[in-house]
file target-v6.cif (mmCIF, N, CA and C atoms)
data_protein
#
loop_
_atom_site.label_atom_id
_atom_site.label_comp_id
_atom_site.auth_asym_id
_atom_site.auth_seq_id
_atom_site.Cartn_x
_atom_site.Cartn_y
_atom_site.Cartn_z
N MET B 58 -0.12 31.01 18.27
CA MET B 58 0.35 30.72 16.93
C MET B 58 1.73 30.08 17.03
N GLY B 59 1.96 29.05 16.23
CA GLY B 59 3.22 28.33 16.25
C GLY B 59 4.22 28.89 15.25
N TRP B 60 5.33 28.21 15.13
CA TRP B 60 6.36 28.61 14.19
C TRP B 60 6.76 27.40 13.35
N VAL B 61 7.29 27.67 12.20
CA VAL B 61 7.69 26.61 11.28
C VAL B 61 9.00 26.00 11.77
N ARG B 62 9.00 24.70 12.02
CA ARG B 62 10.22 24.00 12.42
C ARG B 62 10.96 23.44 11.22
N TRP B 63 10.21 22.98 10.23
CA TRP B 63 10.79 22.51 8.98
C TRP B 63 9.71 22.53 7.92
N GLU B 64 10.15 22.55 6.69
CA GLU B 64 9.25 22.56 5.55
C GLU B 64 9.87 21.71 4.46
N LYS B 65 9.09 20.76 3.93
CA LYS B 65 9.59 19.82 2.92
C LYS B 65 8.56 19.65 1.82
N SER B 66 9.02 19.18 0.68
CA SER B 66 8.15 18.82 -0.43
C SER B 66 8.36 17.35 -0.75
N TYR B 67 7.26 16.66 -1.07
CA TYR B 67 7.32 15.24 -1.41
C TYR B 67 6.54 15.03 -2.69
N GLY B 68 6.84 13.96 -3.39
CA GLY B 68 6.13 13.64 -4.62
C GLY B 68 7.02 13.82 -5.83
N GLY B 69 6.39 14.15 -6.95
CA GLY B 69 7.12 14.27 -8.20
C GLY B 69 6.90 15.63 -8.84
N PHE B 70 6.82 15.63 -10.19
CA PHE B 70 6.73 16.88 -10.93
C PHE B 70 5.31 17.26 -11.32
N ASN B 71 4.34 16.38 -11.12
CA ASN B 71 2.96 16.69 -11.48
C ASN B 71 2.16 17.00 -10.22
N ASN B 72 0.90 16.62 -10.19
CA ASN B 72 0.02 16.90 -9.06
C ASN B 72 0.23 15.88 -7.94
N ASP B 73 0.59 16.36 -6.77
CA ASP B 73 0.78 15.54 -5.59
C ASP B 73 0.10 16.25 -4.43
N ILE B 74 -0.96 15.65 -3.90
CA ILE B 74 -1.80 16.30 -2.90
C ILE B 74 -1.82 15.48 -1.62
N GLY B 75 -1.49 16.10 -0.50
CA GLY B 75 -1.62 15.47 0.81
C GLY B 75 -2.99 15.77 1.39
N LYS B 76 -3.71 14.76 1.84
CA LYS B 76 -5.05 14.95 2.39
C LYS B 76 -5.12 14.66 3.89
N SER B 77 -4.17 13.88 4.42
CA SER B 77 -4.24 13.46 5.81
C SER B 77 -2.82 13.23 6.32
N ILE B 78 -2.58 13.59 7.58
CA ILE B 78 -1.26 13.36 8.19
C ILE B 78 -1.45 12.88 9.62
N ILE B 79 -0.62 11.92 10.03
CA ILE B 79 -0.62 11.45 11.41
C ILE B 79 0.81 11.39 11.91
N GLN B 80 0.97 11.51 13.21
CA GLN B 80 2.28 11.33 13.82
C GLN B 80 2.32 9.96 14.47
N LEU B 81 3.42 9.25 14.26
CA LEU B 81 3.58 7.89 14.79
C LEU B 81 4.25 7.91 16.16
N ALA B 82 4.29 6.76 16.81
CA ALA B 82 4.88 6.64 18.14
C ALA B 82 6.35 7.05 18.16
N ASP B 83 7.07 6.86 17.04
CA ASP B 83 8.50 7.23 16.99
C ASP B 83 8.69 8.70 16.62
N SER B 84 7.61 9.48 16.61
CA SER B 84 7.58 10.92 16.30
C SER B 84 7.69 11.21 14.81
N GLY B 85 7.80 10.18 13.96
CA GLY B 85 7.77 10.38 12.52
C GLY B 85 6.35 10.62 12.05
N PHE B 86 6.19 10.84 10.75
CA PHE B 86 4.89 11.17 10.19
C PHE B 86 4.54 10.26 9.02
N VAL B 87 3.25 10.09 8.79
CA VAL B 87 2.73 9.45 7.59
C VAL B 87 1.74 10.42 6.96
N ILE B 88 1.92 10.66 5.68
CA ILE B 88 1.05 11.55 4.92
C ILE B 88 0.37 10.71 3.85
N ALA B 89 -0.93 10.86 3.70
CA ALA B 89 -1.68 10.13 2.67
C ALA B 89 -2.40 11.13 1.78
N GLY B 90 -2.43 10.82 0.50
CA GLY B 90 -3.11 11.67 -0.46
C GLY B 90 -3.13 10.99 -1.81
N TYR B 91 -2.79 11.74 -2.86
CA TYR B 91 -2.79 11.14 -4.20
C TYR B 91 -1.80 11.85 -5.11
N THR B 92 -1.44 11.16 -6.19
CA THR B 92 -0.44 11.67 -7.12
C THR B 92 -0.76 11.25 -8.55
N ASN B 93 -0.35 12.06 -9.50
CA ASN B 93 -0.30 11.59 -10.88
C ASN B 93 1.12 11.78 -11.43
N SER B 94 2.09 11.92 -10.53
CA SER B 94 3.49 11.99 -10.93
C SER B 94 4.07 10.62 -11.24
N PHE B 95 3.57 9.60 -10.56
CA PHE B 95 4.03 8.23 -10.77
C PHE B 95 2.98 7.29 -10.22
N GLY B 96 3.13 6.00 -10.47
CA GLY B 96 2.16 5.01 -10.04
C GLY B 96 1.64 4.23 -11.23
N ALA B 97 0.54 3.50 -11.00
CA ALA B 97 0.02 2.58 -12.01
C ALA B 97 -0.95 3.22 -12.99
N GLY B 98 -1.63 4.30 -12.58
CA GLY B 98 -2.69 4.85 -13.43
C GLY B 98 -2.72 6.36 -13.43
N GLY B 99 -3.90 6.90 -13.78
CA GLY B 99 -4.08 8.34 -13.88
C GLY B 99 -3.69 9.05 -12.59
N TYR B 100 -4.35 8.70 -11.50
CA TYR B 100 -3.99 9.12 -10.15
C TYR B 100 -3.91 7.86 -9.30
N ASP B 101 -3.03 7.85 -8.32
CA ASP B 101 -2.93 6.74 -7.38
C ASP B 101 -2.81 7.28 -5.97
N MET B 102 -3.24 6.44 -5.00
CA MET B 102 -3.00 6.79 -3.61
C MET B 102 -1.50 6.99 -3.42
N LEU B 103 -1.13 8.03 -2.69
CA LEU B 103 0.26 8.28 -2.35
C LEU B 103 0.38 8.27 -0.84
N VAL B 104 1.29 7.45 -0.31
CA VAL B 104 1.55 7.39 1.12
C VAL B 104 3.04 7.66 1.32
N VAL B 105 3.34 8.64 2.18
CA VAL B 105 4.71 9.09 2.42
C VAL B 105 5.02 8.91 3.89
N ARG B 106 6.18 8.33 4.19
CA ARG B 106 6.64 8.14 5.58
C ARG B 106 7.90 8.95 5.77
N THR B 107 7.94 9.75 6.86
CA THR B 107 9.12 10.56 7.16
C THR B 107 9.55 10.31 8.60
N ASP B 108 10.74 10.77 8.93
CA ASP B 108 11.15 10.78 10.33
C ASP B 108 10.62 12.08 10.96
N LYS B 109 10.98 12.33 12.22
CA LYS B 109 10.42 13.51 12.91
C LYS B 109 10.93 14.83 12.35
N ALA B 110 12.03 14.80 11.59
CA ALA B 110 12.55 16.01 10.96
C ALA B 110 12.03 16.20 9.54
N GLY B 111 11.15 15.29 9.10
CA GLY B 111 10.58 15.39 7.76
C GLY B 111 11.42 14.76 6.67
N THR B 112 12.50 14.07 7.04
CA THR B 112 13.33 13.38 6.06
C THR B 112 12.59 12.17 5.52
N LEU B 113 12.53 12.05 4.21
CA LEU B 113 11.80 10.97 3.56
C LEU B 113 12.39 9.61 3.92
N ILE B 114 11.56 8.69 4.42
CA ILE B 114 11.95 7.31 4.68
C ILE B 114 11.51 6.44 3.51
N TRP B 115 10.25 6.59 3.08
CA TRP B 115 9.75 5.90 1.91
C TRP B 115 8.51 6.61 1.40
N GLN B 116 8.19 6.37 0.14
CA GLN B 116 6.90 6.78 -0.42
C GLN B 116 6.42 5.68 -1.35
N LYS B 117 5.12 5.39 -1.28
CA LYS B 117 4.53 4.29 -2.05
C LYS B 117 3.24 4.77 -2.69
N THR B 118 2.90 4.14 -3.81
CA THR B 118 1.61 4.38 -4.44
C THR B 118 0.81 3.08 -4.44
N PHE B 119 -0.51 3.24 -4.38
CA PHE B 119 -1.43 2.10 -4.41
C PHE B 119 -2.58 2.45 -5.32
N GLY B 120 -3.03 1.48 -6.09
CA GLY B 120 -4.17 1.69 -6.97
C GLY B 120 -4.01 0.93 -8.25
N GLY B 121 -4.96 1.13 -9.15
CA GLY B 121 -4.98 0.43 -10.42
C GLY B 121 -4.72 1.37 -11.58
N LEU B 122 -5.28 1.04 -12.73
CA LEU B 122 -5.01 1.78 -13.96
C LEU B 122 -5.80 3.08 -14.07
N ASP B 123 -6.85 3.23 -13.25
CA ASP B 123 -7.67 4.44 -13.31
C ASP B 123 -7.30 5.36 -12.14
N TRP B 124 -8.25 6.10 -11.63
CA TRP B 124 -7.98 7.07 -10.56
C TRP B 124 -8.27 6.47 -9.20
N ASP B 125 -7.34 6.69 -8.25
CA ASP B 125 -7.46 6.20 -6.88
C ASP B 125 -6.95 7.28 -5.93
N PHE B 126 -7.71 7.58 -4.89
CA PHE B 126 -7.40 8.70 -3.99
C PHE B 126 -7.41 8.24 -2.55
N ALA B 127 -6.49 8.76 -1.74
CA ALA B 127 -6.51 8.55 -0.28
C ALA B 127 -7.06 9.81 0.37
N ASN B 128 -7.97 9.62 1.32
CA ASN B 128 -8.54 10.75 2.06
C ASN B 128 -8.13 10.77 3.52
N ALA B 129 -7.77 9.61 4.09
CA ALA B 129 -7.43 9.55 5.51
C ALA B 129 -6.50 8.38 5.77
N VAL B 130 -5.67 8.52 6.81
CA VAL B 130 -4.76 7.46 7.23
C VAL B 130 -4.80 7.37 8.74
N LYS B 131 -4.67 6.15 9.27
CA LYS B 131 -4.64 5.93 10.70
C LYS B 131 -3.84 4.67 10.98
N THR B 132 -3.24 4.60 12.17
CA THR B 132 -2.59 3.35 12.57
C THR B 132 -3.61 2.42 13.18
N THR B 133 -3.31 1.12 13.13
CA THR B 133 -4.13 0.14 13.82
C THR B 133 -3.90 0.29 15.32
N PRO B 134 -4.77 -0.27 16.17
CA PRO B 134 -4.62 -0.10 17.62
C PRO B 134 -3.27 -0.54 18.18
N LEU B 135 -2.66 -1.57 17.60
CA LEU B 135 -1.34 -2.01 18.07
C LEU B 135 -0.23 -1.12 17.54
N GLY B 136 -0.53 -0.24 16.60
CA GLY B 136 0.46 0.68 16.05
C GLY B 136 1.42 0.05 15.08
N ASP B 137 1.11 -1.16 14.57
CA ASP B 137 2.05 -1.87 13.71
C ASP B 137 1.66 -1.85 12.23
N SER B 138 0.55 -1.21 11.91
CA SER B 138 0.09 -1.17 10.52
C SER B 138 -0.61 0.16 10.26
N LEU B 139 -0.77 0.45 8.97
CA LEU B 139 -1.49 1.65 8.53
C LEU B 139 -2.75 1.23 7.78
N ILE B 140 -3.83 1.95 8.00
CA ILE B 140 -5.05 1.79 7.23
C ILE B 140 -5.26 3.10 6.48
N ILE B 141 -5.38 3.01 5.16
CA ILE B 141 -5.58 4.19 4.32
C ILE B 141 -6.95 4.02 3.65
N VAL B 142 -7.79 5.04 3.74
CA VAL B 142 -9.12 4.97 3.12
C VAL B 142 -9.28 6.09 2.12
N GLY B 143 -10.11 5.83 1.11
CA GLY B 143 -10.37 6.83 0.09
C GLY B 143 -11.35 6.33 -0.93
N SER B 144 -11.02 6.54 -2.20
CA SER B 144 -11.94 6.16 -3.27
C SER B 144 -11.16 5.61 -4.45
N THR B 145 -11.87 4.83 -5.27
CA THR B 145 -11.25 4.21 -6.44
C THR B 145 -12.19 4.23 -7.63
N TYR B 146 -11.62 4.47 -8.78
CA TYR B 146 -12.29 4.24 -10.05
C TYR B 146 -11.72 2.99 -10.72
N SER B 147 -10.62 2.47 -10.19
CA SER B 147 -9.94 1.33 -10.79
C SER B 147 -10.64 0.01 -10.51
N PHE B 148 -11.29 -0.08 -9.37
CA PHE B 148 -11.91 -1.32 -8.93
C PHE B 148 -13.40 -1.08 -8.70
N GLY B 149 -14.21 -2.09 -8.86
CA GLY B 149 -15.65 -1.94 -8.64
C GLY B 149 -16.38 -1.78 -9.96
N TYR B 150 -17.43 -0.99 -9.95
CA TYR B 150 -18.28 -0.81 -11.12
C TYR B 150 -17.76 0.20 -12.11
N GLY B 151 -16.64 0.82 -11.84
CA GLY B 151 -16.11 1.83 -12.75
C GLY B 151 -16.50 3.24 -12.37
N LYS B 152 -17.38 3.36 -11.39
CA LYS B 152 -17.68 4.66 -10.80
C LYS B 152 -16.87 4.74 -9.51
N MET B 153 -16.94 5.86 -8.82
CA MET B 153 -16.14 6.02 -7.61
C MET B 153 -16.71 5.16 -6.49
N ASP B 154 -15.91 4.20 -6.02
CA ASP B 154 -16.28 3.32 -4.92
C ASP B 154 -15.32 3.55 -3.75
N GLY B 155 -15.74 3.11 -2.55
CA GLY B 155 -14.87 3.20 -1.39
C GLY B 155 -13.67 2.28 -1.54
N TYR B 156 -12.51 2.69 -0.99
CA TYR B 156 -11.27 1.95 -1.18
C TYR B 156 -10.49 1.96 0.13
N ILE B 157 -10.05 0.80 0.59
CA ILE B 157 -9.29 0.66 1.83
C ILE B 157 -8.02 -0.13 1.53
N VAL B 158 -6.87 0.37 1.99
CA VAL B 158 -5.59 -0.31 1.82
C VAL B 158 -4.94 -0.44 3.19
N LYS B 159 -4.37 -1.62 3.47
CA LYS B 159 -3.61 -1.83 4.70
C LYS B 159 -2.16 -2.12 4.34
N THR B 160 -1.24 -1.46 5.05
CA THR B 160 0.20 -1.72 4.89
C THR B 160 0.82 -1.89 6.27
N ASP B 161 2.05 -2.39 6.31
CA ASP B 161 2.79 -2.34 7.56
C ASP B 161 3.45 -0.96 7.66
N LEU B 162 4.21 -0.72 8.71
CA LEU B 162 4.82 0.60 8.89
C LEU B 162 5.96 0.88 7.92
N ASN B 163 6.38 -0.13 7.18
CA ASN B 163 7.38 0.06 6.13
C ASN B 163 6.73 0.28 4.76
N GLY B 164 5.42 0.38 4.75
CA GLY B 164 4.71 0.60 3.49
C GLY B 164 4.51 -0.65 2.67
N ILE B 165 4.79 -1.81 3.25
CA ILE B 165 4.61 -3.07 2.54
C ILE B 165 3.12 -3.41 2.51
N PHE B 166 2.61 -3.58 1.30
CA PHE B 166 1.20 -3.86 1.07
C PHE B 166 0.79 -5.13 1.79
N GLN B 167 -0.36 -5.09 2.50
CA GLN B 167 -0.91 -6.28 3.14
C GLN B 167 -2.22 -6.70 2.49
N TRP B 168 -3.15 -5.78 2.29
CA TRP B 168 -4.38 -6.10 1.58
C TRP B 168 -5.09 -4.82 1.14
N GLN B 169 -6.04 -5.00 0.23
CA GLN B 169 -6.89 -3.90 -0.20
C GLN B 169 -8.32 -4.40 -0.33
N LYS B 170 -9.26 -3.55 -0.10
CA LYS B 170 -10.68 -3.86 -0.25
C LYS B 170 -11.34 -2.67 -0.93
N HIS B 171 -12.32 -2.95 -1.74
CA HIS B 171 -13.14 -1.87 -2.27
C HIS B 171 -14.59 -2.15 -1.91
N MET B 172 -15.32 -1.09 -1.67
CA MET B 172 -16.71 -1.20 -1.29
C MET B 172 -17.54 -0.86 -2.51
N VAL B 173 -18.05 -1.88 -3.15
CA VAL B 173 -18.79 -1.71 -4.39
C VAL B 173 -20.22 -1.31 -4.07
N VAL B 174 -20.63 -0.20 -4.64
CA VAL B 174 -22.01 0.25 -4.52
C VAL B 174 -22.48 0.68 -5.90
N GLN B 175 -23.76 0.83 -6.08
CA GLN B 175 -24.26 1.23 -7.38
C GLN B 175 -24.30 2.73 -7.55
N LYS B 176 -24.08 3.45 -6.48
CA LYS B 176 -23.95 4.91 -6.54
C LYS B 176 -22.49 5.23 -6.24
N THR B 177 -22.12 6.48 -6.34
CA THR B 177 -20.74 6.87 -6.10
C THR B 177 -20.49 6.99 -4.60
N MET B 178 -19.39 6.38 -4.14
CA MET B 178 -19.09 6.41 -2.71
C MET B 178 -17.61 6.67 -2.48
N SER B 179 -17.30 7.51 -1.52
CA SER B 179 -15.93 7.79 -1.13
C SER B 179 -15.81 7.69 0.38
N LEU B 180 -14.79 6.99 0.87
CA LEU B 180 -14.55 6.91 2.30
C LEU B 180 -13.68 8.09 2.71
N ASN B 181 -14.13 8.83 3.70
CA ASN B 181 -13.42 10.03 4.11
C ASN B 181 -12.84 9.95 5.52
N LEU B 182 -13.50 9.24 6.40
CA LEU B 182 -13.06 9.22 7.79
C LEU B 182 -12.88 7.80 8.29
N LEU B 183 -11.86 7.59 9.06
CA LEU B 183 -11.59 6.29 9.67
C LEU B 183 -11.10 6.57 11.08
N PHE B 184 -11.91 6.29 12.05
CA PHE B 184 -11.49 6.68 13.38
C PHE B 184 -11.84 5.74 14.52
N LEU B 185 -12.47 4.63 14.26
CA LEU B 185 -12.80 3.74 15.35
C LEU B 185 -12.25 2.35 15.04
N LEU B 186 -11.16 1.99 15.71
CA LEU B 186 -10.55 0.69 15.51
C LEU B 186 -10.41 0.01 16.86
N THR B 187 -10.64 -1.30 16.93
CA THR B 187 -10.44 -2.03 18.17
C THR B 187 -9.36 -3.07 17.96
N THR B 188 -8.84 -3.65 19.03
CA THR B 188 -7.75 -4.62 18.90
C THR B 188 -8.25 -5.96 18.38
N THR B 189 -9.52 -6.28 18.56
CA THR B 189 -10.01 -7.59 18.13
C THR B 189 -10.59 -7.58 16.73
N ASN B 190 -11.13 -6.46 16.32
CA ASN B 190 -11.64 -6.37 14.96
C ASN B 190 -11.58 -4.91 14.52
N MET B 191 -11.86 -4.69 13.28
CA MET B 191 -11.79 -3.36 12.74
C MET B 191 -13.20 -2.86 12.48
N LEU B 192 -13.54 -1.74 13.08
CA LEU B 192 -14.85 -1.14 12.85
C LEU B 192 -14.61 0.22 12.22
N LEU B 193 -15.17 0.42 11.05
CA LEU B 193 -14.98 1.68 10.34
C LEU B 193 -16.17 2.58 10.57
N GLN B 194 -15.89 3.79 10.96
CA GLN B 194 -16.93 4.80 11.02
C GLN B 194 -16.59 5.78 9.91
N VAL B 195 -17.44 5.89 8.92
CA VAL B 195 -17.10 6.66 7.74
C VAL B 195 -18.15 7.72 7.44
N GLN B 196 -17.69 8.77 6.82
CA GLN B 196 -18.60 9.76 6.26
C GLN B 196 -18.65 9.47 4.77
N LEU B 197 -19.81 9.32 4.24
CA LEU B 197 -19.96 8.94 2.85
C LEU B 197 -20.36 10.15 2.01
N LYS B 198 -19.75 10.26 0.86
CA LYS B 198 -20.21 11.20 -0.14
C LYS B 198 -20.96 10.37 -1.16
N VAL B 199 -22.21 10.65 -1.38
CA VAL B 199 -22.98 9.88 -2.33
C VAL B 199 -23.58 10.80 -3.37
N TRP B 200 -23.34 10.50 -4.62
CA TRP B 200 -23.91 11.25 -5.73
C TRP B 200 -24.75 10.30 -6.56
N VAL B 201 -25.94 10.69 -6.89
CA VAL B 201 -26.77 9.88 -7.77
C VAL B 201 -26.45 10.30 -9.20
N MET B 202 -26.12 9.32 -10.03
CA MET B 202 -25.75 9.64 -11.42
C MET B 202 -26.72 9.04 -12.38
#
call {"tool": "encode", "arguments": {"input": "target-v6.cif", "output": "structure tokens"}}
result
Amino acid sequence: MGWVRWEKSYGGFNNDIGKSIIQLADSGFVIAGYTNSFGAGGYDMLVVRTDKAGTLIWQKTFGGLDWDFANAVKTTPLGDSLIIVGSTYSFGYGKMDGYIVKTDLNGIFQWQKHMVVQKTMSLNLLFLLTTTNMLLQVQLKVWVM
């Protein structure tokens, strides 16, 4: 059993949920989840970057006017960008679709994609990336409505 080295809170005054955390090469951390404390819509993806002591470096939100959630975060193979996956109600058919956002390590937005399906889909896992292309291995939650 380990011991607590530090404990911090991030986000705002409403609901702020961390779903995934990774440690970077510089020993800092990236936390991905969702918030309704701030952002563009009801809930938005929340990505938080800290140093190794948990001191906030930046926090960003991504999403549209409806609900958007992050479920997992990973660095690209070169370690120079972040890929955040989750779900969106803001883009697509208006039901929950898969959502992918890429940023640099400073949280600067590079691109976003949504996976439009006629059933509800959420991306939960992202774990297979190569240096020449990006291959996503995902676990899908599918609900028939």
call {"tool": "residues_near_point", "arguments": {"input": "target-v6.cif", "point": "(1.8, -3.7, 6.0)", "cutoff": "5 Å", "atoms": "only N, CA and C atoms", "output": "VMD selection string"}}
result
chain B and resid 159 to 162 165 to 167
call {"tool": "resolve_selection", "arguments": {"input": "target-v6.cif", "expression": "the PyMOL selection byres ((chain B and resi 116) around 8)", "output": "list of chain:residue names"}}
result
B:Gly68, B:Leu103, B:Val104, B:Val105, B:Arg106, B:Thr107, B:Leu113, B:Ile114, B:Trp115, B:Lys117, B:Thr118, B:Phe119, B:Asn163, B:Gly164
call {"tool": "closest_residue", "arguments": {"input": "target-v6.cif", "among": "B:Ser144, B:Ser138, B:Asn71, B:Asn128", "to": "Ala89 (chain B)", "atoms": "all atoms listed in the file"}}
result
B:Asn128
call {"tool": "residues_around", "arguments": {"input": "target-v6.cif", "residues": "Ile74 (chain B)", "least_positions_apart": "4", "cutoff": "12 Å", "atoms": "only C-alpha atoms", "output": "NGL selection string"}}
result
:B and (66-70 or 78 or 88-94 or 100-105 or 126-128)
call {"tool": "closest_residue", "arguments": {"input": "target-v6.cif", "among": "B:Val130, B:Ile157, B:Val61, B:Trp168", "to": "Lys76 (chain B)", "atoms": "only N, CA and C atoms"}}
result
B:Val130
call {"tool": "select_by_dssp", "arguments": {"input": "target-v6.cif", "residues": "region 87-173 of chain B", "states": "strand (DSSP E)", "output": "PyMOL selection string"}}
result
chain B and resi 87-92+101-107+113-119+125-132+138-145+154-161+166-172
call {"tool": "resolve_selection", "arguments": {"input": "target-v6.cif", "expression": "the PyMOL selection byres ((chain B and resi 123) around 6.5)", "output": "count of residues only"}}
result
12
call {"tool": "closest_residue", "arguments": {"input": "target-v6.cif", "among": "B:Gly111, B:Gly96, B:Gly85, B:Gly143", "to": "Lys65 (chain B)", "atoms": "only N, CA and C atoms"}}
result
B:Gly111
